[in-house]
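Engineer: One structure is given below, represented as structure tokens, and several questions about it will come after.
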Amino acid sequence: MTRLSPTGRKALLTLHLVTALGWLGTDLVLLTLGVAGLRGADPDVVYPTAGLLVTYLFAPLSVAVWLVGVASALLTPWGLLRWRWVLVKLVLTTVMLGLVLLLLTPRIRHLGALGGAASPHLRVDLVVPPAVSSTLLLVATVLSTYKPWGRLRPAAPTSRRAAPQRPGHPDGQRPAVEDPAGRRA
Ligand code: HEM
């Protein structure tokens, strides 16, 4: 698989962080609107706003996060199916993407169209799913920074001269130094 230059990798990582953490932020805003709706805020403002947010920000960001996340894995030494933390994030994000596109988006749009006429049962849709998904995205963020659980398969032998082992590093061989672009390459 093609590898990126250090500058390209930084740009892709920036895009990954902006989209993924923007997704988490939007999710927290949806949760806030859901709680506001249950606490008596004007439903004709809260629910249409949530409908717009889901349609124009949350759902598109879900797709962007998945695409940029997969690219961040395939175009770097991490790979998509080499490290457990990457695989778990892939599964988590894929499940979330499906739920967002197939369930959450249509339901919140429906809620937005109903506004004040929405039943209490429907209003809970803007509290429980965003609470669960925000928690999952926080888990994904923690996995990304701690990178736990090591490799899925042992690293292929390399011809490089022996360098200190660094567990958790994508190629398992290079020392814990950053490349000139400031990324662990
Ligand atoms: C398809 C799903 C995803 C995949 C395959 C994926 C993969 C990756 C990879 C390979 C990196 C390392 C990039 C590099 O070193 O240049 C990374 C970094 C990161 N990802 Fe993801 N990611 C996904 C989704 C997410 C989500 C949903 C979040 C959080 C909401 C997230 C948060 C982060 C963070 C904070 C980093 C920076 C970690 C660091 O530089 O130490 N990712 N991701």
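Following the order of the structure tokens, first chain is A, next is B, and so on, with residues numbered from 1 inside each chain and ligands from 1 in the order they appear.
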Kindly provide the residues of chain A that approach ligand 1 to within 7 Å, each paired with its closest atom pair and their distance in Å to one decimal, based on only C-alpha atoms and all ligand atoms, listed by chain and increasing number, as CSV.

Structural biologist:
```
residue,atom,partner,partner_atom_place_in_ligand_line,distance
A:Arg9,CA,ligand 1,16 (O),5.7
A:Lys10,CA,ligand 1,16 (O),6.7
A:Leu13,CA,ligand 1,16 (O),5.1
A:His16,CA,ligand 1,20 (N),6.5
A:Leu17,CA,ligand 1,34 (C),5.7
A:Ala20,CA,ligand 1,30 (C),4.3
A:Leu21,CA,ligand 1,30 (C),5.0
A:Trp23,CA,ligand 1,30 (C),6.7
A:Leu24,CA,ligand 1,30 (C),5.7
A:Val65,CA,ligand 1,24 (C),6.2
A:Trp66,CA,ligand 1,1 (C),4.2
A:Leu67,CA,ligand 1,1 (C),6.6
A:Gly69,CA,ligand 1,4 (C),3.7
A:Val70,CA,ligand 1,5 (C),4.2
A:Ser72,CA,ligand 1,10 (C),4.7
A:Ala73,CA,ligand 1,10 (C),3.5
A:Thr76,CA,ligand 1,16 (O),6.0
A:Trp78,CA,ligand 1,10 (C),5.2
A:Gly79,CA,ligand 1,10 (C),6.5
A:Leu80,CA,ligand 1,5 (C),6.0
A:Val86,CA,ligand 1,7 (C),5.3
A:Leu87,CA,ligand 1,5 (C),6.8
A:Lys89,CA,ligand 1,3 (C),5.1
A:Leu90,CA,ligand 1,2 (C),4.0
A:Thr93,CA,ligand 1,2 (C),5.1
A:Thr94,CA,ligand 1,1 (C),6.5
A:Leu137,CA,ligand 1,30 (C),4.4
A:Leu138,CA,ligand 1,30 (C),6.2
A:Ala140,CA,ligand 1,29 (C),4.8
A:Thr141,CA,ligand 1,29 (C),4.2
A:Ser144,CA,ligand 1,38 (C),4.6
A:Thr145,CA,ligand 1,41 (O),4.5
A:Arg183,CA,ligand 1,15 (O),6.9
A:Arg184,CA,ligand 1,15 (O),6.8
```

Engineer: List the spatial neighbours of stretch 52-55 of chain A as a list in words - criterion: any atom at most 8 Å away, only C-alpha atoms, same-chain residues fewer than 4 positions off excluded.

Structural biologist: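 Near stretch 52-55 of chain A, the qualifying residues are Thr26, Leu30, Pro48, Ala59, Pro60, Thr105, Ile108, Arg109 and Gly112 of chain A.
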
Engineer: Pull all heavy atoms from the residues just selected and write them as a compact mmCIF listing (two decimals), in the first residue's frame.

Structural biologist:
```txt
# COMPACT_ATOMS: atom_id res chain seq x y z
N THR A 26 -20.34 17.03 17.85
CA THR A 26 -21.72 17.16 17.34
C THR A 26 -22.66 16.22 18.10
O THR A 26 -23.80 16.57 18.42
CB THR A 26 -21.76 16.81 15.83
OG1 THR A 26 -20.72 17.52 15.18
CG2 THR A 26 -23.08 17.17 15.20
N LEU A 30 -26.03 17.10 20.17
CA LEU A 30 -27.33 16.42 20.02
C LEU A 30 -27.85 15.97 21.38
O LEU A 30 -29.03 16.13 21.69
CB LEU A 30 -27.19 15.20 19.09
CG LEU A 30 -27.02 15.50 17.60
CD1 LEU A 30 -26.75 14.21 16.84
CD2 LEU A 30 -28.27 16.20 17.05
N PRO A 48 -36.51 20.63 15.61
CA PRO A 48 -36.09 20.98 14.23
C PRO A 48 -34.59 21.28 14.16
O PRO A 48 -33.93 20.94 13.17
CB PRO A 48 -36.94 22.21 13.90
CG PRO A 48 -38.14 22.09 14.78
CD PRO A 48 -37.66 21.45 16.05
N ALA A 59 -24.66 13.19 10.15
CA ALA A 59 -24.63 12.08 9.19
C ALA A 59 -23.46 12.23 8.20
O ALA A 59 -22.69 11.27 8.01
CB ALA A 59 -25.97 11.96 8.47
N PRO A 60 -23.25 13.43 7.60
CA PRO A 60 -22.09 13.55 6.70
C PRO A 60 -20.76 13.30 7.42
O PRO A 60 -19.86 12.67 6.87
CB PRO A 60 -22.16 15.01 6.20
CG PRO A 60 -23.58 15.42 6.40
CD PRO A 60 -24.10 14.64 7.56
N THR A 105 -30.66 8.94 11.92
CA THR A 105 -30.97 10.09 11.05
C THR A 105 -32.46 10.14 10.70
O THR A 105 -33.11 11.17 10.92
CB THR A 105 -30.07 10.09 9.80
OG1 THR A 105 -28.72 10.10 10.24
CG2 THR A 105 -30.31 11.30 8.92
N ILE A 108 -34.50 11.14 13.93
CA ILE A 108 -34.37 12.53 14.42
C ILE A 108 -34.99 13.50 13.41
O ILE A 108 -35.57 14.52 13.80
CB ILE A 108 -32.88 12.88 14.70
CG1 ILE A 108 -32.28 11.90 15.71
CG2 ILE A 108 -32.73 14.31 15.20
CD1 ILE A 108 -32.98 11.84 17.05
N ARG A 109 -34.91 13.17 12.15
CA ARG A 109 -35.58 14.03 11.15
C ARG A 109 -37.10 14.01 11.36
O ARG A 109 -37.77 15.02 11.26
CB ARG A 109 -35.24 13.55 9.74
CG ARG A 109 -33.81 13.93 9.35
CD ARG A 109 -33.43 13.29 8.04
NE ARG A 109 -34.28 13.76 6.96
CZ ARG A 109 -33.87 14.52 5.96
NH1 ARG A 109 -32.61 14.89 5.92
NH2 ARG A 109 -34.67 14.90 5.03
N GLY A 112 -37.83 16.07 14.29
CA GLY A 112 -37.73 17.48 13.91
C GLY A 112 -38.99 17.95 13.20
O GLY A 112 -39.47 19.07 13.42
```

Engineer: Considering only helix (DSSP H, G or I) as DSSP defines it on the backbone, what residues of stretch 35-184 of chain A qualify? List them as number ranges by chain.

Structural biologist: A: 35-38, 43-74, 84-117, 120-126, 128-146

Engineer: Measuring atom to atom with only C-alpha atoms, identify which of A:Leu101, A:Leu28, A:Leu33, A:Leu4 is nearest to A:Arg123.

Structural biologist: A:Leu33

Engineer: Which residues, written as a PyMOL selection string, have at least one atom at most 9 Å from A:Lys147, with only C-alpha atoms counted and residues fewer than 4 positions away on the same chain left out?

Structural biologist: chain A and resi 83-86+142-143+168

Engineer: Could the residues in this selection be written to a file with C-alpha atoms, as a compact mmCIF listing (two decimals), in the first residue's frame?

Structural biologist:
```
# COMPACT_ATOMS: atom_id res chain seq x y z
CA TRP A 83 -3.27 -3.69 15.36
CA ARG A 84 -6.12 -4.52 17.70
CA TRP A 85 -6.80 -0.89 18.62
CA VAL A 86 -7.22 0.03 14.94
CA VAL A 142 -8.93 6.73 24.42
CA LEU A 143 -8.03 3.68 22.30
CA GLY A 168 2.85 -0.50 20.29
```

Engineer: Which residues are close to A:Ala118, i.e. within 12 Å by only C-alpha atoms, leaving aside same-chain residues fewer than 4 positions away? Reply as a list in words.

Structural biologist: Gly37, Leu38, Asp42, Pro43, Asp44, Val46, Tyr47, Pro48, Arg107, Ile108, Arg109, His110, Leu111, Gly112, Ala113, Leu114, Leu122, Arg123, Val124, Asp125 and Leu126 of chain A

Engineer: So that I can see what lies close to A:Ser133, please list as a list in words the residues with an atom at most 10 Å from it, counting only C-alpha atoms and leaving out residues fewer than 2 positions away in the same chain.

Structural biologist: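 Near neighbours after the sequence-gap exclusion: Leu24, Asp27, Leu28, Leu31, Leu92, Thr93, Met96, Leu99, Val100, Val128, Pro129, Pro130, Ala131, Thr135, Leu136, Leu137, Leu138 and Val139 of chain A.
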